[in-house]
Structure formats: structure tokens, C-alpha cells
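This report refers to the structure that appears directly beneath it.
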Amino acid sequence: MSTATQTAERHTARQGYDGDLRVAVLGVGMMGQDHARRLAQLTKGARLVAVSDVDAARTDAVAAEFGVRAVHDPVAAITDDEVDAVVIATPGFTHEDLVLEALEAGKPTLCEKPLTTSPETSRKVVEAEHALGRRLVQVGFMRRFDAEYEQLRGVIAAGELGRPLFLHCAHRNATTPPNFSSEMLILDSVVHEVDVVRYLLGEEITAITVLTPGRTSAAPEGLQDPQFVLMETAGGTLVDVEIFVNTTFGYEVRTELVAERGSATIGLGVGLVQRSAAGWGGGIAADFKERFGAAYDTEFQRWVDAVRGGAGVDGPGVWDGYAAAAVCAAGVESLRTGRRVEVDLGPRP
Ligand SMILES: NC(=O)c1ccc[n+]([C@@H]2O[C@H](COP(=O)([O-])OP(=O)(O)OC[C@H]3O[C@@H](n4cnc5c(N)ncnc54)[C@H](O)[C@@H]3O)[C@@H](O)[C@H]2O)c1
């Protein structure tokens with residue numbers, strides 16, 4: 001028996017979670033602080049017990065804010081006996097090592113997207129979890145917990161509109177942070193569409209083509225913004241994504257399904273519609289935290305419930321993280337070469 005299997009079995013033996021699930025958050029930058037607050041103040045059945053960041057001062061400040069332990073070494077936080085489960089909210093390039101450490105320690109993990117930064121390393125994680133024989137890693141694709149996406153999935157699954165023919169998606173951000181590269185439009189933004197397409201249709205993506213229309217004058221020098229992405233699925237549905245991240249005015253994420261006998265649209269943001277002398281219209285979310293805030297809350301509650309109930313995961317797992325990494329790597333290749341790139345995921349363990 002491998003050390004990893006023994007460790008995981010020991011952990012299973014002492015799991016039971018009579019009390020609250022004791023969670024450590026690794027990486028307390030923008031997302032990690034948000035998740036720490038969620039766990040400390042909102043999620044039922046969970047208790048934030050520690051935070052850890054390579055930035056020691058930040059670790060201390062966030063720990064003091066929430067009255068929890070500061071652990072300066074993230075690996076020590078993972079193996080800590082007083083920590084039942086971990087949330088990884090460090091930059092993507094650190095995820096592979098931290099997730100593998102968590103698997104080795106048998107600790108249930110909610111890892112922010114991406115699972116890792118390449119298909120090869122994501123597959124390594126798929127195989128490490130498979131070797132343990134139980135699901136321990138959930139990937140933070142929060143759109144799966146958004147009420148509108150769940151509804152649209154229900155419409156497709158019910159079959160009343162017939163076979164899905166097209167998904168037209170738009171993903172628009174007001175501005176980009178400094179040093180945002182053309183590849184990051186695919187790796188950081190379109191990655192969410194890649195996951196929701198797989199979630200909505202229940203099919204793998206088999207090819208991707210990235211086209212580069214004229215640049216917006218609002219984009220920083222050298223940034224190819226917008227881009228237009230075409231994805232083909234195993235079942236023959238064609239998906240287009242307009243990715244435009246310097247719209248200057250707000251955050252819009254929209255999906256229109258066109259099926260044989262009807263269409264359905266989500267993400268119109270038509271909560272309150274106002275009429276006045278200035279015209280009529282509704283509001284536009286300022287950013288993803290506003291648009292998907294409730295989805296993060298649901299994601300965390302369902303993850304904690306699943307871990308406490310022994311399932312480990314309730315939502316996208318390592319295979320989903322791997323598939324997203326593979327499609328995005330093909331997308332980056334298409335962006336660079338201008339060609340259609342096929343995606344072959346290989347056998348699923
Ligand atoms: N699901 C979503 O909608 C969504 C949105 C934004 C970001 N994210 C993801 O969340 C993650 C974090 O993004 P962010 O915007 O919060 O980044 P950030 O830069 O604001 O924060 C990252 C933090 O991790 C720390 N860190 C770096 N290496 C570390 C290590 N090895 N161990 C411990 N701490 C380490 C940094 O010091 C920093 O405090 C990324 O994977 C990103 O892709 C997801």
C-alpha cells in the first residue's frame with residue numbers, strides 16, 4: 001500500500017466531523033480573503049481555524065482580522081492535525097504542489113481554478129486522486145452553483161427544446177489588471193466558459209479555434225482584446241464565446257442556448273428595470289464578485305456539507321479541472337498559430 005493511501009485511510013478513520021469542519025485557507029490575497037470571510041461568517045458547519053500565505057505580514061494581518069491561527073508555511077497548514085480540510089486560493093502555478101500535498105495528507109480540498117496550469121500536471125493530479133480511491137479535490141468553478149446556469153442545465157436536460165445546436169456566450173469585463181496577457185483571456189476567463197459548456201451539455205469539447213478580431217482602443221498595448229472562440233463538442237454542438245475584457249463599463253456574462261425547438265438566455269442582468277426621462281434600463285454588475293457572489297456562497301456550503309457527509313466533493317472534480325486545462329492549452333495554441341486545434345483527453349481513469 002502506498003504512503004498516500006495509508007495516510008488517506010488514517011484520515012478517513014478519524015473523520016466523522018461531529019463538530020464543525022475545521023478549514024484552513026491557503027493564499028489570502030483577493031479570493032482567499034473573500035473565502036476566509038465566507039467560512040468565518042456564513043458557511044454553516046464550517047469553522048475557519050487557520051490562514052497561510054507566503055507573505056508573512058499578510059498572513060498575520062488576515063489571521064488577526066478573523067481571530068484564527070497564522071501558519072506561515074502552507075504545507076504545515078495542510079498537515080496540521082487541527083485542520084480537517086483546506087481551501088487553496090494561491091496563484092495557479094502553485095496549485096499542483098499544494099493539491100498533491102493535500103492528497104498525500106488525505107485532506108479534502110477546494111482548489112480555486114485552475115486545477116493546475118497544464119494538462120500534464122492536471123492529469124498527474126487526476127491519477128494521484130484515483131490512486132487514493134476516493135474523491136478529495138473539488139475545483140472552484142463556481143458558475144455551476146449559480147441559479148441561472150442550473151436552470152439552463154435543467155432546460156437542456158428536460159429535452160423539451162430538443163437537441164442543443166448552438167451556445168452563444170459572451171464574457172465581458174470592465175478592465176484588466178496590469179500585465180494581463182493575450183493568453184490569459186483564454187486561461188483565466190474563457191476557462192469558465194469551457195467548464196460551463198461541459199456542465200451544461202454533459203459532453204467533452206473536441207476542438208477549439210481562437211480568432212483575433214480588431215483590437216479595442218481601450219486595451220493596453222500588445223493585448224489582443226477582444227478574441228472570438230469557437231468550440232466543438234463531442235455531440236456536435238457549436239459554441240462561440242466573445243471574450244472582451246476591457247469594455248470599460250462593467251461585467252457581463254451571458255449564454256444563449258439555441259436548440260431544435262426553442263432558445264433560452266441567461267445573464268441578461270434584468271433585475272430592476274428603471275424608466276425615467278433619461279431613458280429605461282436595468283443595472284450591470286460591476287464585477288464577478290457581484291454577479292457570482294451567491295454562487296460562491298452556495299459552492300462553499302455544498303462543499304462543506306459534502307465533506308462532512310463523507311462524499312468529499314459536490315461539484316467539479318479533478319477530471320473537470322484536467323479537461324479545462326486541456327481545452328485551454330489547445331486554445332492558447334490556436335491563439336498563437338491561428339489554426340483549429342483538436343483536443344484529445346485520453347482515457348478517463
Ligand atoms: N473562481 C473565480 O471566479 C476566481 C476569480 C479570481 C481568481 N480566482 C483564482 O483564485 C486564485 C487566487 O487569485 P487571487 O486573485 O486571489 O490572487 P492574489 O494574488 O490576490 O492572491 C494570491 C495570494 O497567494 C499568496 N501565495 C503565493 N504563493 C503562495 C504559496 N505557495 N503558498 C501560500 N500562499 C501563496 C500570495 O502572497 C497572495 O497573497 C487563482 O488561482 C485565481 O485564478 C478565481
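Every chain in the C-alpha cells takes a letter, A first, then B, and so on in the order presented; its residues are numbered from 1, and the ligands are numbered from 1 following the presented order.
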Close residues, Thr337 of chain A itself excluded, 10 Å, only C-alpha atoms, min 4 positions apart in chain, as a PyMOL selection string: chain A and resi 209-210+331-333+341
Keeping only N, CA and C atoms, write the selected residues to a file as a PDB file, in the first residue's frame.
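Listed below is the output, part.pdb:
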```
ATOM      1  N   THR A 209     -10.995  26.794 -31.760  1.00  0.00           N
ATOM      2  CA  THR A 209     -10.349  27.736 -32.678  1.00  0.00           C
ATOM      3  C   THR A 209     -10.478  29.121 -32.064  1.00  0.00           C
ATOM      4  N   VAL A 210      -9.391  29.869 -32.028  1.00  0.00           N
ATOM      5  CA  VAL A 210      -9.431  31.223 -31.471  1.00  0.00           C
ATOM      6  C   VAL A 210      -9.146  32.227 -32.587  1.00  0.00           C
ATOM      7  N   GLY A 331      -6.528  26.039 -26.748  1.00  0.00           N
ATOM      8  CA  GLY A 331      -6.947  27.395 -27.119  1.00  0.00           C
ATOM      9  C   GLY A 331      -5.757  28.329 -27.258  1.00  0.00           C
ATOM     10  N   VAL A 332      -4.803  28.214 -26.354  1.00  0.00           N
ATOM     11  CA  VAL A 332      -3.606  29.059 -26.430  1.00  0.00           C
ATOM     12  C   VAL A 332      -2.801  28.705 -27.689  1.00  0.00           C
ATOM     13  N   GLU A 333      -2.760  27.408 -28.001  1.00  0.00           N
ATOM     14  CA  GLU A 333      -2.053  27.002 -29.234  1.00  0.00           C
ATOM     15  C   GLU A 333      -2.762  27.598 -30.460  1.00  0.00           C
ATOM     16  N   VAL A 341      -7.483  23.604 -33.290  1.00  0.00           N
ATOM     17  CA  VAL A 341      -6.685  22.600 -32.581  1.00  0.00           C
ATOM     18  C   VAL A 341      -7.630  21.574 -31.948  1.00  0.00           C
TER      19      VAL A 341
END
```
Can you list, as JSON, numbers by chain, every protein, DNA or RNA residue that comes within 12 Å of Ala63 of chain A when you count only C-alpha atoms, leaving out same-chain residues fewer than 2 positions away? {"A": [24, 25, 26, 27, 28, 32, 33, 36, 37, 40, 48, 49, 50, 51, 52, 53, 56, 57, 58, 59, 60, 61, 65, 66, 67, 68, 69, 70, 71, 72]}
Quick check for you: according to DSSP on this backbone, which residues of segment 112-270 of chain A are classed as strand (DSSP E)? Reply as an MDAnalysis selection string. chainID A and resid 112 137:140 164:172 205:211 227:233 238:244 252:259 262:266
As a quick test: using only C-alpha atoms and all ligand atoms, which residues lie no more than 7 Å away from ligand 1? Give them as a list in words.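 The residues within 7 Å of ligand 1, counting only C-alpha atoms and all ligand atoms, are Leu26, Gly27, Val28, Gly29, Met30, Met31, Gly32, Ser52, Asp53, Val54, Asp55, Arg58, Pro74, Ala89, Thr90, Pro91, Gly92, Thr94, Glu112, Lys113, Pro114, Gly140, Phe141, Met142, Asp188 and Phe288 of chain A.
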Distance query Leu100 of chain A at most 12 Å, only C-alpha atoms, self and fewer than 6 positions along chain excluded, as a short mmCIF file (atom, residue, chain, number, x, y, z; two decimals) with all heavy atoms, in the first residue's frame:
```cif
data_model
loop_
_atom_site.label_atom_id
_atom_site.label_comp_id
_atom_site.auth_asym_id
_atom_site.auth_seq_id
_atom_site.Cartn_x
_atom_site.Cartn_y
_atom_site.Cartn_z
N ALA A 4 0.62 7.36 0.47
CA ALA A 4 -0.54 8.25 0.30
C ALA A 4 -1.82 7.53 0.69
O ALA A 4 -2.68 8.09 1.38
CB ALA A 4 -0.62 8.72 -1.15
N VAL A 75 2.46 24.22 3.67
CA VAL A 75 2.45 22.76 3.78
C VAL A 75 2.17 22.35 5.23
O VAL A 75 1.44 21.38 5.49
CB VAL A 75 3.78 22.16 3.26
CG1 VAL A 75 3.81 20.65 3.48
CG2 VAL A 75 3.95 22.48 1.77
N ILE A 78 -1.45 22.38 5.79
CA ILE A 78 -2.14 21.22 5.21
C ILE A 78 -2.03 20.01 6.15
O ILE A 78 -3.02 19.29 6.37
CB ILE A 78 -1.55 20.87 3.82
CG1 ILE A 78 -1.86 21.98 2.81
CG2 ILE A 78 -2.07 19.53 3.32
CD1 ILE A 78 -1.15 21.84 1.46
N THR A 79 -0.85 19.78 6.70
CA THR A 79 -0.65 18.56 7.50
C THR A 79 -1.05 18.75 8.97
O THR A 79 -1.03 17.78 9.73
CB THR A 79 0.84 18.12 7.43
OG1 THR A 79 1.65 19.24 7.82
CG2 THR A 79 1.22 17.70 6.02
N ILE A 88 -7.60 26.20 -1.30
CA ILE A 88 -6.38 26.72 -1.94
C ILE A 88 -6.77 27.91 -2.82
O ILE A 88 -7.51 27.77 -3.78
CB ILE A 88 -5.69 25.63 -2.79
CG1 ILE A 88 -5.24 24.48 -1.86
CG2 ILE A 88 -4.50 26.20 -3.55
CD1 ILE A 88 -4.62 23.30 -2.59
N THR A 94 1.06 27.52 -8.29
CA THR A 94 1.39 26.81 -7.03
C THR A 94 0.42 25.65 -6.76
O THR A 94 0.64 24.88 -5.83
CB THR A 94 1.30 27.78 -5.83
OG1 THR A 94 -0.08 28.15 -5.65
CG2 THR A 94 2.13 29.03 -6.03
N GLY A 106 -4.40 13.36 2.76
CA GLY A 106 -5.79 12.89 2.83
C GLY A 106 -6.77 13.98 3.24
O GLY A 106 -7.82 13.69 3.82
N LYS A 107 -6.46 15.23 2.92
CA LYS A 107 -7.33 16.35 3.34
C LYS A 107 -8.25 16.78 2.19
O LYS A 107 -7.76 17.15 1.11
CB LYS A 107 -6.49 17.55 3.78
CG LYS A 107 -5.58 17.31 4.98
CD LYS A 107 -6.31 17.34 6.30
CE LYS A 107 -5.46 16.88 7.47
NZ LYS A 107 -4.63 17.89 8.08
N PRO A 108 -9.56 16.78 2.41
CA PRO A 108 -10.47 17.32 1.41
C PRO A 108 -10.09 18.76 1.06
O PRO A 108 -9.73 19.54 1.95
CB PRO A 108 -11.83 17.28 2.11
CG PRO A 108 -11.69 16.22 3.15
CD PRO A 108 -10.26 16.28 3.60
N THR A 109 -10.15 19.07 -0.23
CA THR A 109 -9.61 20.34 -0.72
C THR A 109 -10.56 21.00 -1.71
O THR A 109 -11.05 20.35 -2.62
CB THR A 109 -8.27 20.05 -1.45
OG1 THR A 109 -7.38 19.46 -0.51
CG2 THR A 109 -7.65 21.32 -2.01
N CYS A 111 -10.02 23.69 -4.38
CA CYS A 111 -8.93 24.42 -5.04
C CYS A 111 -9.52 25.40 -6.04
O CYS A 111 -10.26 25.00 -6.94
CB CYS A 111 -8.01 23.42 -5.76
SG CYS A 111 -6.69 24.22 -6.67
N LEU A 115 -7.14 24.03 -11.84
CA LEU A 115 -6.61 22.93 -11.02
C LEU A 115 -5.09 23.01 -11.03
O LEU A 115 -4.45 23.00 -9.97
CB LEU A 115 -7.11 21.59 -11.58
CG LEU A 115 -6.56 20.34 -10.90
CD1 LEU A 115 -6.89 20.32 -9.41
CD2 LEU A 115 -7.10 19.08 -11.58
N THR A 116 -4.51 23.05 -12.22
CA THR A 116 -3.07 23.34 -12.38
C THR A 116 -2.95 24.10 -13.70
O THR A 116 -3.94 24.30 -14.38
CB THR A 116 -2.21 22.05 -12.48
OG1 THR A 116 -2.43 21.44 -13.76
CG2 THR A 116 -2.51 21.06 -11.37
N THR A 121 0.19 18.36 -15.85
CA THR A 121 0.20 18.38 -14.38
C THR A 121 -1.20 18.11 -13.83
O THR A 121 -1.34 17.48 -12.78
CB THR A 121 0.74 19.73 -13.86
OG1 THR A 121 0.03 20.79 -14.50
CG2 THR A 121 2.23 19.86 -14.13
N SER A 122 -2.25 18.53 -14.56
CA SER A 122 -3.60 18.23 -14.09
C SER A 122 -3.85 16.73 -14.14
O SER A 122 -4.49 16.16 -13.25
CB SER A 122 -4.64 18.96 -14.94
OG SER A 122 -4.69 20.33 -14.60
N ARG A 123 -3.34 16.08 -15.18
CA ARG A 123 -3.53 14.62 -15.27
C ARG A 123 -2.82 13.92 -14.11
O ARG A 123 -3.32 12.93 -13.57
CB ARG A 123 -3.05 14.09 -16.62
CG ARG A 123 -3.50 12.64 -16.82
CD ARG A 123 -3.37 12.16 -18.24
NE ARG A 123 -4.64 11.96 -18.92
CZ ARG A 123 -5.50 10.98 -18.65
NH1 ARG A 123 -5.29 10.12 -17.69
NH2 ARG A 123 -6.60 10.84 -19.35
N LYS A 124 -1.66 14.47 -13.72
CA LYS A 124 -0.94 13.90 -12.58
C LYS A 124 -1.83 13.92 -11.33
O LYS A 124 -1.87 12.97 -10.55
CB LYS A 124 0.32 14.78 -12.33
CG LYS A 124 1.52 14.02 -11.86
CD LYS A 124 2.75 14.88 -12.04
CE LYS A 124 3.42 15.16 -10.72
NZ LYS A 124 4.55 16.08 -10.83
N VAL A 125 -2.57 15.02 -11.16
CA VAL A 125 -3.48 15.14 -10.01
C VAL A 125 -4.64 14.15 -10.14
O VAL A 125 -5.03 13.49 -9.17
CB VAL A 125 -4.01 16.59 -9.87
CG1 VAL A 125 -5.05 16.67 -8.77
CG2 VAL A 125 -2.86 17.55 -9.59
N VAL A 126 -5.18 14.02 -11.37
CA VAL A 126 -6.27 13.04 -11.60
C VAL A 126 -5.79 11.66 -11.17
O VAL A 126 -6.48 10.92 -10.46
CB VAL A 126 -6.67 13.02 -13.10
CG1 VAL A 126 -7.59 11.84 -13.41
CG2 VAL A 126 -7.35 14.33 -13.50
N GLU A 127 -4.56 11.30 -11.58
CA GLU A 127 -4.07 9.96 -11.28
C GLU A 127 -3.76 9.79 -9.79
O GLU A 127 -4.02 8.74 -9.21
CB GLU A 127 -2.87 9.63 -12.17
CG GLU A 127 -3.38 9.12 -13.51
CD GLU A 127 -2.45 9.31 -14.68
OE1 GLU A 127 -1.25 9.56 -14.45
OE2 GLU A 127 -2.94 9.20 -15.83
N ALA A 128 -3.24 10.85 -9.16
CA ALA A 128 -2.96 10.76 -7.71
C ALA A 128 -4.25 10.56 -6.92
O ALA A 128 -4.30 9.74 -5.99
CB ALA A 128 -2.24 12.03 -7.25
N GLU A 129 -5.31 11.26 -7.31
CA GLU A 129 -6.57 11.08 -6.59
C GLU A 129 -7.15 9.69 -6.87
O GLU A 129 -7.65 9.01 -5.97
CB GLU A 129 -7.59 12.16 -6.97
CG GLU A 129 -8.82 12.10 -6.07
CD GLU A 129 -9.97 12.96 -6.57
OE1 GLU A 129 -10.46 12.71 -7.70
OE2 GLU A 129 -10.40 13.86 -5.85
N ALA A 131 -5.53 7.02 -7.45
CA ALA A 131 -4.77 6.02 -6.67
C ALA A 131 -5.27 5.94 -5.23
O ALA A 131 -5.19 4.89 -4.60
CB ALA A 131 -3.29 6.37 -6.71
N LEU A 132 -5.81 7.04 -4.72
CA LEU A 132 -6.34 7.03 -3.34
C LEU A 132 -7.68 6.31 -3.26
O LEU A 132 -8.10 5.87 -2.20
CB LEU A 132 -6.54 8.46 -2.83
CG LEU A 132 -5.32 9.27 -2.49
CD1 LEU A 132 -5.73 10.67 -2.04
CD2 LEU A 132 -4.51 8.60 -1.39
N LEU A 136 -11.36 13.69 -3.34
CA LEU A 136 -10.97 14.62 -2.28
C LEU A 136 -10.85 16.06 -2.78
O LEU A 136 -10.78 16.98 -1.98
CB LEU A 136 -9.60 14.22 -1.69
CG LEU A 136 -9.57 13.14 -0.62
CD1 LEU A 136 -8.13 12.93 -0.17
CD2 LEU A 136 -10.43 13.52 0.58
N VAL A 137 -10.79 16.24 -4.09
CA VAL A 137 -10.48 17.58 -4.61
C VAL A 137 -11.64 18.12 -5.44
O VAL A 137 -12.07 17.48 -6.41
CB VAL A 137 -9.20 17.56 -5.48
CG1 VAL A 137 -8.87 18.97 -5.98
CG2 VAL A 137 -8.03 16.99 -4.70
N VAL A 318 -11.46 16.68 -10.19
CA VAL A 318 -10.16 16.76 -10.86
C VAL A 318 -10.27 16.51 -12.37
O VAL A 318 -9.53 17.10 -13.16
CB VAL A 318 -9.12 15.80 -10.24
CG1 VAL A 318 -8.74 16.27 -8.84
CG2 VAL A 318 -9.63 14.37 -10.19
#
```
Using DSSP on the backbone coordinates, identify all residues within segment 47-266 of chain A classified as alpha helix (DSSP H); present the result as a VMD selection string. chain A and resid 56 to 66 74 to 79 95 to 105 119 to 132 147 to 158 182 to 184 191 to 201
Among A:Trp303, A:Asn246, A:Glu342, A:Leu39, Pro316 of chain A is approached most closely, using only C-alpha atoms, by A:Trp303
Between atom CA of Thr175 of chain A and atom CA of Gly250 of chain A, measure the distance and give it in Å to one decimal.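 These two atoms are separated by 8.2 Å.
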Using only C-alpha atoms, which residue out of A:Asp84, A:Asp240, A:Glu204, A:Glu150 lies closest to Phe228 of chain A?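 Ranking A:Asp84, A:Asp240, A:Glu204, A:Glu150 by distance to Phe228 of chain A, first place goes to A:Asp240.
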Report as a list in words all protein, DNA and RNA residues lying within 9 Å of Phe166 of chain A, evaluated on only C-alpha atoms, omitting residues in the same chain fewer than 4 positions from it.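 After dropping sequence-adjacent residues, the list is Thr237, Leu238, Val239, Asp240, Glu256, Leu257, Val258 and Ala259 of chain A.
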Go ahead and write the selection's residues with all heavy atoms as a CSV table (one decimal), in the first residue's frame.
```csv
chain,number,residue,atom,x,y,z
A,237,THR,N,-22.5,20.0,-30.9
A,237,THR,CA,-23.0,21.4,-30.6
A,237,THR,C,-21.8,22.4,-30.9
A,237,THR,O,-20.7,22.1,-30.5
A,237,THR,CB,-23.4,21.5,-29.1
A,237,THR,OG1,-24.5,20.6,-28.9
A,237,THR,CG2,-24.0,22.9,-28.8
A,238,LEU,N,-22.1,23.5,-31.5
A,238,LEU,CA,-21.1,24.5,-31.8
A,238,LEU,C,-21.3,25.6,-30.7
A,238,LEU,O,-22.4,26.1,-30.5
A,238,LEU,CB,-21.3,25.0,-33.2
A,238,LEU,CG,-20.1,25.7,-33.8
A,238,LEU,CD1,-18.9,24.8,-33.9
A,238,LEU,CD2,-20.5,26.1,-35.3
A,239,VAL,N,-20.2,26.0,-30.1
A,239,VAL,CA,-20.2,27.0,-29.1
A,239,VAL,C,-19.3,28.2,-29.5
A,239,VAL,O,-18.1,28.0,-29.9
A,239,VAL,CB,-19.6,26.5,-27.8
A,239,VAL,CG1,-19.6,27.5,-26.7
A,239,VAL,CG2,-20.3,25.2,-27.4
A,240,ASP,N,-19.8,29.4,-29.4
A,240,ASP,CA,-19.0,30.6,-29.7
A,240,ASP,C,-18.9,31.4,-28.4
A,240,ASP,O,-19.9,31.5,-27.7
A,240,ASP,CB,-19.5,31.4,-30.9
A,240,ASP,CG,-20.9,32.0,-30.7
A,240,ASP,OD1,-21.0,33.0,-30.1
A,240,ASP,OD2,-21.8,31.3,-31.2
A,256,GLU,N,-26.6,32.1,-24.5
A,256,GLU,CA,-27.9,31.8,-25.2
A,256,GLU,C,-27.8,30.4,-25.8
A,256,GLU,O,-26.8,30.1,-26.5
A,256,GLU,CB,-28.1,32.8,-26.3
A,256,GLU,CG,-29.5,32.5,-27.0
A,256,GLU,CD,-29.8,33.4,-28.2
A,256,GLU,OE1,-28.8,33.9,-28.8
A,256,GLU,OE2,-30.9,33.5,-28.6
A,257,LEU,N,-28.8,29.6,-25.4
A,257,LEU,CA,-28.9,28.3,-26.0
A,257,LEU,C,-29.8,28.4,-27.2
A,257,LEU,O,-30.9,29.0,-27.1
A,257,LEU,CB,-29.5,27.3,-24.9
A,257,LEU,CG,-30.1,26.0,-25.5
A,257,LEU,CD1,-29.0,25.0,-25.8
A,257,LEU,CD2,-31.1,25.4,-24.4
A,258,VAL,N,-29.4,27.8,-28.3
A,258,VAL,CA,-30.3,27.6,-29.4
A,258,VAL,C,-30.5,26.1,-29.6
A,258,VAL,O,-29.5,25.4,-29.9
A,258,VAL,CB,-29.8,28.3,-30.7
A,258,VAL,CG1,-30.8,28.1,-31.8
A,258,VAL,CG2,-29.6,29.8,-30.4
A,259,ALA,N,-31.7,25.6,-29.4
A,259,ALA,CA,-32.0,24.2,-29.6
A,259,ALA,C,-33.0,24.0,-30.8
A,259,ALA,O,-33.4,25.0,-31.4
A,259,ALA,CB,-32.5,23.6,-28.3
```
Can you list, as a PyMOL selection string, every protein, DNA or RNA residue that comes within 10 Å of Pro220 of chain A when you count only C-alpha atoms, leaving out same-chain residues fewer than 4 positions away? chain A and resi 175-176+178-181+215-216+224-225+246
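Distance-wise, atom CA of Gly235 of chain A and atom CA of Ile186 of chain A end up 22.7 Å apart.
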Give the answer as one residue: which of A:Asp34, A:Asp195, A:Leu185, A:Ile156 has the shortest atom-to-atom distance to Lys289 of chain A, using only C-alpha atoms? A:Asp34
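Considering only C-alpha atoms, the residue among A:Asp344, A:Asp320, A:Ser182, A:Val99 positioned nearest to Ala234 of chain A is A:Asp344.
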Taking into account only C-alpha atoms, which residue in the set A:Leu268, A:Ala147, A:Leu42, A:Val327 is nearest to Val191 of chain A?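 Answer, going by the shortest atom-to-atom distance: A:Val327.
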